[in-house]
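Beneath this line is the structure, given in structure tokens, with notes to follow.
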Amino acid sequence: MTKRSLFVLLLATVLIACNEKKDPTEAKIDELISQMTLQEKIGQMNQLTGSGLSDDMKTQLKNGAVGSILNETDPEIVNELQRIAVEETRLGIPLIFARDVIHGFKTIFPIPLGQAASWNPEIAEEGAGISAIEATASGIRWTFAPMIDISRDPRWGRIAESLGEDPLLTSIMGAAMVRGFQGDDLSNPTSLAACAKHFAGYGAAEAGKDYNTTWIPETQLRDVYLPSFKAAVDAGAASFMCSFNDINGVPSSGNIHLNDDILRKEWGYDGVLVSDWASIEQMIPHGVVGDLKEAANLSLTAKVDMDMMGFAYVNHLEELVKEGKITEKQIDESVRNILRMKFRLGLFDNPYTKIPVISPFYSEDALAKARKAAVESTVLLKNDGILPIDAEKTKTIAVVGPMSDAPADQLGTWIFDGEPERSITPLMAIKSEYGSKFNIVSEKGLTHSRDKNEAGIAKAVSVAKNADIILFFAGEEAILSGEAHCLADISLPGAQTKMLEALKKTGKPVVIIIMSGRPNTIEKEVELSDAALLAFHGGTMAGPALADLIFGAEVPSGKLPVTIPKMVGQIPVYYAHKNTGRPAKDIVLIDSIPVGAGQTSLGNTSYHLDAGDKPLFPFGYGLSYTEFSYSTLKISKTKASMNEKIIVECDITNSGKYDAMEVVQLYVRDKVASLARPIRELKGFQKISLKAGETKNVKFELTSTELGFWNTDNKYITEPGEFQVWISKDSQSGEAGSFWLE
Ligand code: BGC
């Protein structure tokens with residue numbers, strides 16, 4: 001080594017050392033760790049569910065055996081537990097209180113799948129911001145959200161909690177939620193630490209059955225299932241949660257490749273990785289470890305920092321260290337991550353919750369934002385000129401159906417703290433806001449979505465037959481989606497379709513409004529209706545929001561974040577599928593096949609005989625009360641080199657009568673690549689407002705990095721060649737342009 005290089009090396013070492021010193025938090029963490037006993041360290045890695053001020057909890061706290069408590073939401077109790085941790089333990093390390101605040105704490109926003117239908121990151125960010133204000137007032141500083149699992153199977157109950165089927169849409173909406181929960185500064189007492197979950201591949205559960213196995217090739221994992229998690233890291237998500245499933249045989253809580261190679265090493269993540277509820281222990285029934293001790297060993301090796309209700313760490317880590325199977329250094333690594341999150345949250349300086357004198361729940365701002373979110377989360381699927389209601393021609397309106405007045409069900413899944421008594425249902429909103437203008441008649445017909453009692457239908461029909469228009473609020477109860485609530489049949493449950501048929505027979509126009517936790521198979525129902533709105537579970541303010549849309553105070557602007565199949569047998573069905581060697585054409589459906597026709601292998605293509613090749617509604621689809629026309633695409637270059645930007649633009653005109661918003665979508669297809677690529681991939685979107693008659697130019701910038709994919713050598717590459725590009729209303733329409741990358 002020359003003198004000069006030795007000098008440079010020394011200088012670098014000194015600089016690095018200075019830099020390390022400069023980070024006061026890391027220095028404090030080191031100092032604290034140096035004072036901790038092994039048991040105290042393991043205690044930090046233990047997360048328990050709340051049991052109030054039970055003696056058992058108090059003893060465990062005093063022994064330093066708990067690092068975090070979930071599901072304790074009484075701020076007085078939270079403060080008392082915190083006092084024990086801070087004042088009655090040797091080192092006074094504060095606890096962190098966690099809760100599933102998924103789409104609202106008290107003020108409930110639309111389910112995440114609904115929020116994704118807004119294609120408006122501001123909606124997601126605002127909703128998470130309100131959740132943070134409300135939840136932190138109860139002592140919660142850590143939420144287990146956003147859920148950013150790519151979900152391509154509507155049978156899976158947890159699709160409700162997801163942001164849909166697309167990696168880019170999920171990344172953008174998920175990152176917005178992280179920003180909303182965490183705010184500008186995590187140490188602000190009204191900030192909630194976010195948790196990107198479930199890492200990873202959980203949405204690929206076979207047959208849409210919760211907790212089921214997944215088979216995900218590395219290329220697909222990286223192209224489809226990981227980008228939303230990388231986006232969460234980039235957005236600064238304070239924590240990650242393991243998923244329950246195994247990927248290719250390896251459960252996430254013991255997955256060294258996922259948690260260490262990718263999350264820690266490749267992405268440099270320094271937040272907390274928490275297990276899911278008992279997911280460390282569940283590696284025993286998974287069949288990859290023989291007992292809890294082995295489970296603890298594997299999870300720690302796989303860099304899982306905190307054990308949520310699994311009792312593996314608290315019962316076995318000490319023993320494993322003593323036996324030399326794991327090192328204290330490994331434990332220190334996890335403890336460092338946990339303490340870092342506590343420091344980032346400002347808990348050492350400010351451990352207690354300031355209990356507000358004035359209730360922070362259901363503020364005017366929160367309710368207004370929840371209403372706006374529910375408006376933008378609703379997708380108009382069909383409209384034969386019937387919506388919005390024409391006040392001139394309408395006197396009597398019938399409000400019917402099991403979801404018309406279902407305060408708890410409209411809140412959706414994961415609303416531990418939501419209060420149905422604060423819900424405003426469609427019936428309530430229509431009566432209170434439009435009752436003076438119109439004659440509102442109502443009869444639920446079916447008491448709940450699964451109700452099969454047809455006697456109620458007759459009652460509803462007799463009320464509806466004298467109305468000028470029938471509003472049929474259908475869908476699914478909240479309990480039919482969410483964790484472990486999967487369905488093999490996703491048609492509308494109970495006698496809802498029979499009820500719709502009976503309503504149709506009155507000859508009156510019928511609008512179906514579907515309030516559900518998943519896309520249902522609704523081909524027949526849409527056909528029978530004159531207009532159809534998909535509203536998901538819209539939360540506290542679902543009723544006023546739907547009234548706004550139905551009566552034209554607002555114009556629908558939601559677009560589907562997920563494909564709606566015609567029938568279950570089409571699943572998995574998603575827009576970004578491959579072309580196959582025999583893409584669908586010359587479709588002959590089942591009833592057109594001549595009886596006795598012989599088999600031929602000529603001209604066969606890829607589709608179902610009974611469903612064709614298209615879903616009922618594609619990803620990105622959604623109508624408006626106005627019309628939007630798209631001009632021919634302009635592409636800045638027909639040939640571009642890898643380091644050049646390509647500008648793709650288009651003029652959008654609102655040629656209808658209403659001022660409205662449109663979600664303009666950019667799709668790309670890599671025509672020839674070393675691996676077959678999807679027929680379209682979303683590469684950008686913009687939600688724009690256009691006055692009636694107005695035209696706006698919408699520009700997207702594409703770089704070669706966005707045009708790449710993961711190859712079988714585990715490398716992200718962009719290959720030269722032809723790319724098709726669309727600016728369109730949804731994932732199926734639009735004229736393609738093209739350019740070449742050289
Ligand atoms: C779910 C998680 C949730 C956790 C704590 C688990 O069953 O999978 O999403 O955060 O429970 O409630």
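Ligands are numbered from 1 in the order shown, chains are lettered A, B, ... in the order of the structure tokens, and residues start at 1 in each chain.
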Counting only C-alpha atoms and all ligand atoms, which residues in chain A sit no more than 10 Å from ligand 1? For each one, give the nearest pair of atoms and the distance in Å, sorted by chain then residue number, as CSV.
residue,atom,partner,partner_atom_place_in_ligand_line,distance
A:Thr49,CA,ligand 1,5 (C),9.0
A:Leu70,CA,ligand 1,5 (C),7.6
A:Asn71,CA,ligand 1,12 (O),7.8
A:Ala98,CA,ligand 1,5 (C),8.7
A:Arg99,CA,ligand 1,12 (O),6.8
A:Asp100,CA,ligand 1,10 (O),5.5
A:Val101,CA,ligand 1,10 (O),8.8
A:Ile102,CA,ligand 1,10 (O),8.8
A:Thr143,CA,ligand 1,10 (O),8.0
A:Phe144,CA,ligand 1,10 (O),4.9
A:Ala145,CA,ligand 1,10 (O),7.4
A:Pro146,CA,ligand 1,9 (O),9.4
A:Met147,CA,ligand 1,9 (O),7.5
A:Arg158,CA,ligand 1,8 (O),9.1
A:Glu161,CA,ligand 1,9 (O),9.1
A:Cys195,CA,ligand 1,10 (O),8.7
A:Ala196,CA,ligand 1,9 (O),9.9
A:Lys197,CA,ligand 1,9 (O),7.0
A:His198,CA,ligand 1,9 (O),7.0
A:Tyr202,CA,ligand 1,8 (O),9.7
A:Asp210,CA,ligand 1,8 (O),9.6
A:Tyr211,CA,ligand 1,8 (O),9.0
A:Met241,CA,ligand 1,10 (O),7.8
A:Cys242,CA,ligand 1,8 (O),8.9
A:Ser243,CA,ligand 1,8 (O),7.2
A:Phe244,CA,ligand 1,8 (O),7.1
A:Val274,CA,ligand 1,10 (O),9.7
A:Ser275,CA,ligand 1,4 (C),8.9
A:Asp276,CA,ligand 1,6 (C),5.6
A:Trp277,CA,ligand 1,6 (C),4.9
A:Ala278,CA,ligand 1,7 (O),8.4
A:Ser279,CA,ligand 1,6 (C),8.8
A:Met308,CA,ligand 1,5 (C),8.0
A:Met309,CA,ligand 1,5 (C),9.2
A:Trp414,CA,ligand 1,12 (O),9.0
A:Phe416,CA,ligand 1,12 (O),9.8
A:Gly482,CA,ligand 1,8 (O),9.6
A:Glu483,CA,ligand 1,8 (O),6.7
A:Ala484,CA,ligand 1,7 (O),8.7
How about saving the chosen residues, C-alpha atoms kept, as a PDB file, in the first residue's frame?
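Final output, out-v3.pdb:
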ATOM      1  CA  THR A  49     -51.799  -8.577  23.624  1.00  0.00           C
ATOM      2  CA  LEU A  70     -51.097  -4.593  21.143  1.00  0.00           C
ATOM      3  CA  ASN A  71     -54.814  -3.967  21.408  1.00  0.00           C
ATOM      4  CA  ALA A  98     -49.870  -1.166  18.674  1.00  0.00           C
ATOM      5  CA  ARG A  99     -53.215  -1.708  17.011  1.00  0.00           C
ATOM      6  CA  ASP A 100     -54.674  -2.601  13.630  1.00  0.00           C
ATOM      7  CA  VAL A 101     -55.772   0.834  12.499  1.00  0.00           C
ATOM      8  CA  ILE A 102     -56.402  -0.197   8.936  1.00  0.00           C
ATOM      9  CA  THR A 143     -50.426   0.651  13.385  1.00  0.00           C
ATOM     10  CA  PHE A 144     -50.269  -2.589  11.462  1.00  0.00           C
ATOM     11  CA  ALA A 145     -50.958  -0.944   8.128  1.00  0.00           C
ATOM     12  CA  PRO A 146     -50.768  -0.437   5.204  1.00  0.00           C
ATOM     13  CA  MET A 147     -51.501  -3.881   3.844  1.00  0.00           C
ATOM     14  CA  ARG A 158     -58.200 -10.127   2.690  1.00  0.00           C
ATOM     15  CA  GLU A 161     -57.699  -4.859   3.047  1.00  0.00           C
ATOM     16  CA  CYS A 195     -46.135  -1.318   9.206  1.00  0.00           C
ATOM     17  CA  ALA A 196     -45.821  -2.623   5.669  1.00  0.00           C
ATOM     18  CA  LYS A 197     -47.476  -6.014   5.635  1.00  0.00           C
ATOM     19  CA  HIS A 198     -47.509  -8.892   4.996  1.00  0.00           C
ATOM     20  CA  TYR A 202     -49.545 -13.497   1.072  1.00  0.00           C
ATOM     21  CA  ASP A 210     -56.327 -17.677   3.676  1.00  0.00           C
ATOM     22  CA  TYR A 211     -52.973 -18.852   5.076  1.00  0.00           C
ATOM     23  CA  MET A 241     -44.653  -7.566   9.284  1.00  0.00           C
ATOM     24  CA  CYS A 242     -44.035 -11.137   8.150  1.00  0.00           C
ATOM     25  CA  SER A 243     -46.797 -12.963   6.329  1.00  0.00           C
ATOM     26  CA  PHE A 244     -48.383 -16.221   7.469  1.00  0.00           C
ATOM     27  CA  VAL A 274     -42.398  -8.059  13.542  1.00  0.00           C
ATOM     28  CA  SER A 275     -43.860 -11.527  13.119  1.00  0.00           C
ATOM     29  CA  ASP A 276     -47.563 -11.890  12.441  1.00  0.00           C
ATOM     30  CA  TRP A 277     -49.752 -13.171  15.281  1.00  0.00           C
ATOM     31  CA  ALA A 278     -48.016 -16.373  16.460  1.00  0.00           C
ATOM     32  CA  SER A 279     -46.512 -16.855  13.011  1.00  0.00           C
ATOM     33  CA  MET A 308     -46.120 -11.180  18.247  1.00  0.00           C
ATOM     34  CA  MET A 309     -47.938 -13.488  20.658  1.00  0.00           C
ATOM     35  CA  TRP A 414     -60.952  -4.487  10.506  1.00  0.00           C
ATOM     36  CA  PHE A 416     -62.121  -2.769  15.993  1.00  0.00           C
ATOM     37  CA  GLY A 482     -61.382  -9.882   5.840  1.00  0.00           C
ATOM     38  CA  GLU A 483     -58.947 -12.275   7.475  1.00  0.00           C
ATOM     39  CA  ALA A 484     -59.914 -15.941   7.164  1.00  0.00           C
TER      40      ALA A 484
END
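Residues within 8 Å of A:Tyr352, counting only C-alpha atoms and excluding same-chain residues fewer than 4 positions away, are Asn79, Gln82, Arg83, Gly139 and Leu347 of chain A.
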Selection from above, C-alpha atoms, as an mmCIF file, in the first residue's frame, can you write it?
data_model
loop_
_atom_site.group_PDB
_atom_site.id
_atom_site.type_symbol
_atom_site.label_atom_id
_atom_site.label_comp_id
_atom_site.auth_asym_id
_atom_site.auth_seq_id
_atom_site.Cartn_x
_atom_site.Cartn_y
_atom_site.Cartn_z
ATOM 1 C CA ASN A 79 -50.438 5.458 30.558
ATOM 2 C CA GLN A 82 -46.253 2.877 30.418
ATOM 3 C CA ARG A 83 -45.595 4.291 33.872
ATOM 4 C CA GLY A 139 -52.233 5.829 23.240
ATOM 5 C CA LEU A 347 -41.032 7.662 23.243
#
Polymer residues at most 8 Å from A:Asn337, only C-alpha atoms, same-chain spacing of 6 or more positions, as a PyMOL selection string: chain A and resi 270-272+305
12 Å contact set for A:Ile587, only C-alpha atoms, chain neighbours under 6 positions out, as an NGL selection string: :A and (593 or 603-614)
So which residues of stretch 411-484 of chain A fall under strand (DSSP E) by DSSP, listed as a PyMOL selection string? chain A and resi 439-443+469-475
I'd like the contact shell of A:Leu381 - 10 Å cut-off, only C-alpha atoms, skipping same-chain residues fewer than 3 positions apart - returned as a PyMOL selection string. chain A and resi 378+512-513+526+531-534+556+558-560+617+621-624
A:Leu427 environment, 12 Å, only C-alpha atoms, sequence neighbours closer than 2 positions dropped, as a PyMOL selection string: chain A and resi 397-407+423-425+429-435+440-444+471-473+541-547
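All residues within stretch 344-428 of chain A that the backbone DSSP calculation assigns to alpha helix (DSSP H) are Arg344, Glu364, Asp365, Ala366, Leu367, Ala368, Lys369, Ala370, Arg371, Lys372, Ala373, Ala374, Val375, Glu376, Pro426, Leu427 and Met428 of chain A.
By only C-alpha atoms, and with residues fewer than 3 positions from A:Glu681 along its chain excluded, the set lying at most 7 Å from it is A:Ala576, A:Tyr667, A:Val668, A:Arg669, A:Pro678.
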